[in-house]
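Undergrad: Pasting final-v9.cif here (mmCIF, C-alpha atoms):
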data_start
loop_
_atom_site.group_PDB
_atom_site.id
_atom_site.type_symbol
_atom_site.label_atom_id
_atom_site.label_comp_id
_atom_site.auth_asym_id
_atom_site.auth_seq_id
_atom_site.Cartn_x
_atom_site.Cartn_y
_atom_site.Cartn_z
ATOM 1 C CA MET A 965 83.518 103.605 92.454
ATOM 2 C CA ARG A 966 84.735 103.599 96.049
ATOM 3 C CA GLU A 967 82.801 103.012 99.263
ATOM 4 C CA THR A 968 83.862 102.963 102.908
ATOM 5 C CA ASP A 969 81.927 101.169 105.626
ATOM 6 C CA ASN A 970 82.370 100.261 109.280
ATOM 7 C CA VAL A 971 81.530 96.813 110.631
ATOM 8 C CA GLU A 972 80.797 96.126 114.290
ATOM 9 C CA THR A 973 82.521 92.923 115.392
ATOM 10 C CA ALA A 974 82.826 91.215 118.754
ATOM 11 C CA VAL A 975 86.363 92.627 119.075
ATOM 12 C CA GLY A 976 85.759 96.179 117.880
ATOM 13 C CA VAL A 977 84.929 98.157 114.762
ATOM 14 C CA ALA A 978 86.576 97.124 111.496
ATOM 15 C CA ARG A 979 86.654 99.282 108.367
ATOM 16 C CA ILE A 980 86.100 98.190 104.775
ATOM 17 C CA ASP A 981 87.275 100.185 101.753
ATOM 18 C CA VAL A 982 85.531 98.841 98.655
ATOM 19 C CA ASP A 983 86.498 99.643 95.056
ATOM 20 C CA ARG A 984 84.180 98.477 92.279
ATOM 21 C CA PRO A 985 84.963 98.025 88.575
ATOM 22 C CA ASP A 986 83.110 99.985 85.910
ATOM 23 C CA GLY A 987 81.607 96.887 84.316
ATOM 24 C CA PRO A 988 80.339 93.541 85.595
ATOM 25 C CA GLU A 989 82.220 92.093 88.556
ATOM 26 C CA THR A 990 84.119 88.872 87.854
ATOM 27 C CA ALA A 991 84.877 88.095 91.516
ATOM 28 C CA MET A 992 85.379 89.702 94.910
ATOM 29 C CA LEU A 993 88.913 89.959 96.324
ATOM 30 C CA VAL A 994 89.175 90.779 100.044
ATOM 31 C CA LEU A 995 92.588 91.923 101.306
ATOM 32 C CA GLY A 996 94.012 92.376 104.807
ATOM 33 C CA HIS A 997 97.000 94.440 105.952
ATOM 34 C CA GLY A 998 100.231 93.600 107.734
ATOM 35 C CA ALA A 999 100.620 93.599 111.507
ATOM 36 C CA GLY A 1000 101.927 97.146 111.896
ATOM 37 C CA GLY A 1001 100.805 98.576 108.577
ATOM 38 C CA GLY A 1002 97.623 99.527 106.807
ATOM 39 C CA VAL A 1003 95.601 98.915 103.685
ATOM 40 C CA ASP A 1004 97.473 101.660 101.810
ATOM 41 C CA ALA A 1005 100.681 99.582 101.571
ATOM 42 C CA PRO A 1006 102.136 99.911 98.046
ATOM 43 C CA ASP A 1007 101.570 96.270 97.087
ATOM 44 C CA LEU A 1008 97.946 96.338 98.249
ATOM 45 C CA ILE A 1009 97.241 99.586 96.387
ATOM 46 C CA ALA A 1010 98.853 98.255 93.204
ATOM 47 C CA LEU A 1011 96.826 95.053 93.470
ATOM 48 C CA ARG A 1012 93.643 97.018 94.093
ATOM 49 C CA ASP A 1013 94.194 99.130 90.986
ATOM 50 C CA ALA A 1014 95.066 96.146 88.790
ATOM 51 C CA GLY A 1015 92.207 94.067 90.144
ATOM 52 C CA VAL A 1016 89.540 96.728 89.662
ATOM 53 C CA ALA A 1017 90.751 97.350 86.099
ATOM 54 C CA ALA A 1018 90.388 93.596 85.457
ATOM 55 C CA GLY A 1019 86.810 93.405 86.711
ATOM 56 C CA LEU A 1020 87.194 92.525 90.380
ATOM 57 C CA LEU A 1021 85.476 94.153 93.310
ATOM 58 C CA VAL A 1022 88.359 94.742 95.743
ATOM 59 C CA ALA A 1023 87.666 95.189 99.456
ATOM 60 C CA ARG A 1024 90.498 96.194 101.792
ATOM 61 C CA VAL A 1025 89.868 95.431 105.458
ATOM 62 C CA THR A 1026 91.343 97.402 108.359
ATOM 63 C CA GLN A 1027 91.370 95.350 111.541
ATOM 64 C CA PRO A 1028 89.730 96.828 114.686
ATOM 65 C CA TYR A 1029 93.034 97.383 116.528
ATOM 66 C CA ARG A 1030 94.242 99.612 113.673
ATOM 67 C CA VAL A 1031 90.909 101.449 113.451
ATOM 68 C CA ALA A 1032 91.343 102.154 117.180
ATOM 69 C CA GLY A 1033 94.793 103.643 116.482
ATOM 70 C CA ARG A 1034 96.932 100.849 117.909
ATOM 71 C CA ARG A 1035 99.993 99.499 116.096
ATOM 72 C CA ALA A 1036 100.569 96.402 118.222
ATOM 73 C CA PRO A 1037 98.570 93.582 116.620
ATOM 74 C CA ALA A 1038 95.647 91.923 118.330
ATOM 75 C CA PRO A 1039 95.826 88.191 119.198
ATOM 76 C CA ALA A 1040 95.376 85.839 116.257
ATOM 77 C CA GLY A 1041 91.974 84.720 117.498
ATOM 78 C CA HIS A 1042 90.717 88.319 117.535
ATOM 79 C CA LEU A 1043 92.075 88.965 114.048
ATOM 80 C CA ASP A 1044 90.340 85.865 112.708
ATOM 81 C CA GLN A 1045 87.078 86.685 114.473
ATOM 82 C CA ALA A 1046 86.936 90.205 113.066
ATOM 83 C CA TRP A 1047 87.848 88.968 109.568
ATOM 84 C CA VAL A 1048 85.064 86.362 109.568
ATOM 85 C CA ALA A 1049 82.547 89.008 110.662
ATOM 86 C CA VAL A 1050 83.633 91.348 107.878
ATOM 87 C CA LEU A 1051 83.412 88.577 105.292
ATOM 88 C CA ALA A 1052 79.885 87.794 106.440
ATOM 89 C CA ARG A 1053 78.928 91.439 105.829
ATOM 90 C CA LEU A 1054 80.576 91.481 102.427
ATOM 91 C CA ARG A 1055 78.975 88.182 101.403
ATOM 92 C CA SER A 1056 75.533 89.511 102.336
ATOM 93 C CA ARG A 1057 76.019 92.212 99.701
ATOM 94 C CA ALA A 1058 77.642 90.021 97.080
ATOM 95 C CA SER A 1059 76.025 89.109 93.800
ATOM 96 C CA ALA A 1060 74.773 85.530 93.772
ATOM 97 C CA GLY A 1061 77.411 83.106 92.550
ATOM 98 C CA ARG A 1062 80.270 85.587 92.534
ATOM 99 C CA PRO A 1063 83.530 83.873 93.624
ATOM 100 C CA VAL A 1064 85.117 85.232 96.795
ATOM 101 C CA LEU A 1065 88.907 85.288 97.113
ATOM 102 C CA VAL A 1066 90.756 86.272 100.264
ATOM 103 C CA GLY A 1067 94.280 87.411 100.914
ATOM 104 C CA GLY A 1068 96.513 90.200 102.061
ATOM 105 C CA ARG A 1069 100.070 90.881 103.035
ATOM 106 C CA SER A 1070 102.048 89.320 105.889
ATOM 107 C CA SER A 1071 99.757 89.007 108.936
ATOM 108 C CA GLY A 1072 96.762 89.621 106.685
ATOM 109 C CA ALA A 1073 97.799 86.700 104.493
ATOM 110 C CA ARG A 1074 97.995 84.445 107.554
ATOM 111 C CA VAL A 1075 94.509 85.477 108.674
ATOM 112 C CA ALA A 1076 93.167 84.791 105.178
ATOM 113 C CA CYS A 1077 94.718 81.317 105.152
ATOM 114 C CA ARG A 1078 93.461 80.396 108.624
ATOM 115 C CA THR A 1079 89.872 81.398 107.867
ATOM 116 C CA ALA A 1080 89.536 80.630 104.136
ATOM 117 C CA GLY A 1081 87.493 77.498 104.674
ATOM 118 C CA THR A 1082 85.217 79.161 107.214
ATOM 119 C CA VAL A 1083 84.347 82.073 104.919
ATOM 120 C CA GLY A 1084 83.871 79.922 101.811
ATOM 121 C CA ALA A 1085 86.717 81.378 99.755
ATOM 122 C CA VAL A 1086 87.646 79.786 96.423
ATOM 123 C CA GLY A 1087 91.283 80.929 96.484
ATOM 124 C CA ILE A 1088 93.949 82.834 98.438
ATOM 125 C CA VAL A 1089 96.457 85.551 97.533
ATOM 126 C CA ALA A 1090 99.305 85.625 100.084
ATOM 127 C CA LEU A 1091 101.723 88.545 99.683
ATOM 128 C CA ALA A 1092 104.920 88.542 101.792
ATOM 129 C CA PHE A 1093 103.756 85.475 103.703
ATOM 130 C CA PRO A 1094 105.903 85.376 106.884
ATOM 131 C CA ILE A 1095 107.176 81.812 106.851
ATOM 132 C CA HIS A 1096 108.896 82.328 110.214
ATOM 133 C CA PRO A 1097 109.894 85.168 112.561
ATOM 134 C CA PRO A 1098 113.205 86.778 111.514
ATOM 135 C CA GLY A 1099 116.090 84.545 112.567
ATOM 136 C CA ARG A 1100 113.775 81.787 113.807
ATOM 137 C CA PRO A 1101 113.387 79.309 110.913
ATOM 138 C CA GLU A 1102 112.493 76.546 113.375
ATOM 139 C CA ARG A 1103 109.165 78.317 114.034
ATOM 140 C CA SER A 1104 107.727 77.596 110.600
ATOM 141 C CA ARG A 1105 104.214 78.713 109.698
ATOM 142 C CA VAL A 1106 104.192 76.957 106.342
ATOM 143 C CA GLY A 1107 101.419 74.666 107.547
ATOM 144 C CA GLU A 1108 98.988 77.592 107.396
ATOM 145 C CA LEU A 1109 99.279 77.495 103.605
ATOM 146 C CA ALA A 1110 97.911 73.929 103.488
ATOM 147 C CA THR A 1111 94.256 74.916 103.012
ATOM 148 C CA GLY A 1112 93.547 72.724 99.997
ATOM 149 C CA LEU A 1113 92.542 75.834 98.031
ATOM 150 C CA PRO A 1114 94.317 77.376 95.035
ATOM 151 C CA THR A 1115 96.847 79.704 96.661
ATOM 152 C CA LEU A 1116 99.354 82.162 95.230
ATOM 153 C CA VAL A 1117 102.297 83.115 97.461
ATOM 154 C CA VAL A 1118 104.418 86.091 96.367
ATOM 155 C CA ASN A 1119 107.514 86.829 98.464
ATOM 156 C CA GLY A 1120 110.769 88.681 97.960
ATOM 157 C CA ASP A 1121 114.063 86.800 97.826
ATOM 158 C CA ARG A 1122 115.459 89.114 100.538
ATOM 159 C CA ASP A 1123 112.571 88.750 102.980
ATOM 160 C CA PRO A 1124 113.901 88.280 106.551
ATOM 161 C CA PHE A 1125 110.658 86.451 107.394
ATOM 162 C CA GLY A 1126 111.696 83.653 105.062
ATOM 163 C CA VAL A 1127 111.366 82.668 101.440
ATOM 164 C CA PRO A 1128 108.800 79.930 100.755
ATOM 165 C CA GLU A 1129 110.003 76.841 98.955
ATOM 166 C CA SER A 1130 108.284 75.769 95.772
ATOM 167 C CA THR A 1131 105.478 73.420 96.594
ATOM 168 C CA ALA A 1132 102.945 71.226 94.862
ATOM 169 C CA ALA A 1133 99.583 72.364 93.566
ATOM 170 C CA PRO A 1134 97.290 73.921 94.581
ATOM 171 C CA VAL A 1135 99.893 76.277 96.121
ATOM 172 C CA ARG A 1136 101.993 78.287 93.667
ATOM 173 C CA VAL A 1137 105.041 80.199 94.938
ATOM 174 C CA VAL A 1138 106.539 83.163 93.081
ATOM 175 C CA VAL A 1139 109.760 84.679 94.455
ATOM 176 C CA ARG A 1140 110.415 88.262 93.361
ATOM 177 C CA PRO A 1141 114.119 89.140 92.940
ATOM 178 C CA GLY A 1142 115.433 92.103 94.908
ATOM 179 C CA GLU A 1143 112.303 92.433 97.055
ATOM 180 C CA ARG A 1144 112.209 92.491 100.837
ATOM 181 C CA HIS A 1145 109.213 91.990 103.149
ATOM 182 C CA ASP A 1146 107.552 95.263 102.145
ATOM 183 C CA LEU A 1147 107.481 94.384 98.401
ATOM 184 C CA ARG A 1148 108.025 98.089 97.683
ATOM 185 C CA ARG A 1149 110.595 97.778 94.906
ATOM 186 C CA ASP A 1150 108.128 96.954 92.127
ATOM 187 C CA PRO A 1151 104.503 96.930 93.376
ATOM 188 C CA SER A 1152 103.054 96.995 89.864
ATOM 189 C CA GLY A 1153 105.154 93.948 88.947
ATOM 190 C CA THR A 1154 103.850 92.100 91.988
ATOM 191 C CA ALA A 1155 100.288 93.032 91.049
ATOM 192 C CA ALA A 1156 100.878 91.757 87.508
ATOM 193 C CA VAL A 1157 101.984 88.363 88.878
ATOM 194 C CA VAL A 1158 98.768 88.149 90.910
ATOM 195 C CA LEU A 1159 96.610 89.233 87.986
ATOM 196 C CA ASP A 1160 98.099 86.575 85.709
ATOM 197 C CA TRP A 1161 97.268 83.939 88.329
ATOM 198 C CA LEU A 1162 93.719 85.253 88.772
ATOM 199 C CA ARG A 1163 93.174 85.182 85.017
ATOM 200 C CA SER A 1164 94.478 81.628 84.797
ATOM 201 C CA HIS A 1165 91.619 80.586 87.092
ATOM 202 C CA GLY A 1166 88.997 82.673 85.303
ATOM 203 C CA TRP A 1167 88.598 85.140 88.188
ATOM 204 C CA ALA A 1168 89.707 88.255 86.275
ATOM 205 C CA ARG A 1169 89.281 89.670 82.795
#
Please rewrite the model in this file as C-alpha cells.
TA:
Amino acid sequence: MRETDNVETAVGVARIDVDRPDGPETAMLVLGHGAGGGVDAPDLIALRDAGVAAGLLVARVTQPYRVAGRRAPAPAGHLDQAWVAVLARLRSRASAGRPVLVGGRSSGARVACRTAGTVGAVGIVALAFPIHPPGRPERSRVGELATGLPTLVVNGDRDPFGVPESTAAPVRVVVRPGERHDLRRDPSGTAAVVLDWLRSHGWAR
C-alpha cells in the first residue's frame, strides 16, 4: 500500500512517499535522495521493494528544494532541518515501539548520519556515501559516519567520491565491485546486501 503526503517545514514543503508491507511492520526505514537526484533512483527503488517485501514500512523523502523544482542542493543546515521535521511527522504516525532506521544515497546518507541521534534512529543505511568531493581526498567526510549507531555503508569500487575503508563496529562497509556512484549496475544486489544486514539486527523478516 502506497501513500504520498506533503510536510510543511521551516524551509519549504517536503514530500513523503510511504510504502507499507502487507503484514505487520517490523521497522520503519526512511530514505533520502542524492543532491541532484530523486527518490526514484534505482538503488532506492530496489531497496524499497526488498524492504517492503521483508516487512518494513519504507518512506522516501523528497527535500523541499527538489519539490520546488530546483536541482542545486539547499545548504546542509536546511537539508537537516527539513529531514528532522519530516521524521517528527513520521514518528507521530508510527506504531509504538517500532524501530526507526534512517538512510539514503549520497547527500541523503550524509543528512541521515548528521541527524540520526536527533531523530532517535536505531541504525543507518548509507548508500554511495561521498567520502570526499571528486579529486579532493583531503576533504574527508568520514567523520560523519561516527554516530555510534549500527551503520551499513555500501559503495562502489569505482566511485569518484571515494571508497570507504573498512572500519570497526558498529560501522560495516561493503564495497560493490564494478559499481560507480550511481550504484546502477546491480540495484537488486545492493538491496540484498542491505536486507541481509537488516535481518542480522532483527529489523526485517
Undergrad: If we count all atoms listed in the file and set the cut-off at 12 Å, which residues sit around A:Glu1143, ignoring sequence neighbours fewer than 3 positions away in its own chain? Please answer as a PyMOL selection string.
TA: chain A and resi 1007+1091-1092+1118-1124+1126-1127+1138-1140+1146-1151+1153-1154
Undergrad: Using the chain letters and numbers from the file, which residues does the PyMOL selection byres ((chain A and resi 1129-1137) around 12) grab, as a compact mmCIF listing (two decimals) with C-alpha atoms, in the frame of the given file?
TA:
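Done, and the output landed in part_30.txt:
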# COMPACT_ATOMS: atom_id res chain seq x y z
CA CYS A 1077 94.72 81.32 105.15
CA VAL A 1086 87.65 79.79 96.42
CA GLY A 1087 91.28 80.93 96.48
CA ILE A 1088 93.95 82.83 98.44
CA VAL A 1089 96.46 85.55 97.53
CA ALA A 1090 99.30 85.62 100.08
CA LEU A 1091 101.72 88.54 99.68
CA ALA A 1092 104.92 88.54 101.79
CA PHE A 1093 103.76 85.48 103.70
CA ILE A 1095 107.18 81.81 106.85
CA SER A 1104 107.73 77.60 110.60
CA VAL A 1106 104.19 76.96 106.34
CA GLY A 1107 101.42 74.67 107.55
CA GLU A 1108 98.99 77.59 107.40
CA LEU A 1109 99.28 77.50 103.60
CA ALA A 1110 97.91 73.93 103.49
CA THR A 1111 94.26 74.92 103.01
CA GLY A 1112 93.55 72.72 100.00
CA LEU A 1113 92.54 75.83 98.03
CA PRO A 1114 94.32 77.38 95.04
CA THR A 1115 96.85 79.70 96.66
CA LEU A 1116 99.35 82.16 95.23
CA VAL A 1117 102.30 83.12 97.46
CA VAL A 1118 104.42 86.09 96.37
CA ASN A 1119 107.51 86.83 98.46
CA GLY A 1120 110.77 88.68 97.96
CA ASP A 1121 114.06 86.80 97.83
CA GLY A 1126 111.70 83.65 105.06
CA VAL A 1127 111.37 82.67 101.44
CA PRO A 1128 108.80 79.93 100.76
CA VAL A 1138 106.54 83.16 93.08
CA VAL A 1139 109.76 84.68 94.46
CA ARG A 1140 110.42 88.26 93.36
CA VAL A 1157 101.98 88.36 88.88
CA VAL A 1158 98.77 88.15 90.91
CA TRP A 1161 97.27 83.94 88.33
CA LEU A 1162 93.72 85.25 88.77
CA HIS A 1165 91.62 80.59 87.09
Undergrad: May I ask which of the residues A:Gly1000, A:Gly1166, A:Pro1063, A:Gly1019 is the closest one to A:Pro985, counting all atoms listed in the file?
TA: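 Selected residue with least distance to A:Pro985: A:Gly1019.
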Undergrad: When distances are computed from all atoms listed in the file, which of A:His1145, A:Asp986, A:Glu972, A:Val1083 shows the smallest separation from A:Ala1005?
TA: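 With all atoms listed in the file as the atom set, the closest residue is A:His1145.
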Undergrad: Considering only C-alpha atoms, can you say which of A:Pro1037, A:Gly996, A:Gly1001, A:Pro1101 comes closest to A:Leu1065?
TA: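 Of A:Pro1037, A:Gly996, A:Gly1001, A:Pro1101, the one nearest A:Leu1065 is A:Gly996, counting only C-alpha atoms.
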Undergrad: Could you state which residues are captured by the PyMOL selection byres ((chain A and resi 1018) around 10) in this file, as a PyMOL selection string?
TA: chain A and resi 985-987+989-991+1012-1017+1019-1021+1159+1162-1163+1167-1169
Undergrad: Edge lengths and centre in Å to one decimal, as lines of an AutoDock Vina configuration file, is what I'm after for the box along x, y and z that holds all listed atoms of stretch 1076-1087 of chain A once 3 Å is added on each side.
TA:
center_x = 89.3
center_y = 81.1
center_z = 102.5
size_x = 16.8
size_y = 13.3
size_z = 18.2
Undergrad: Which of these, A:Ala1010, A:Ala1032, A:Val971, A:Met992, has the shortest distance to A:Val1050 once you count all atoms listed in the file?
TA: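 Smallest separation from A:Val1050 among the options: A:Val971.
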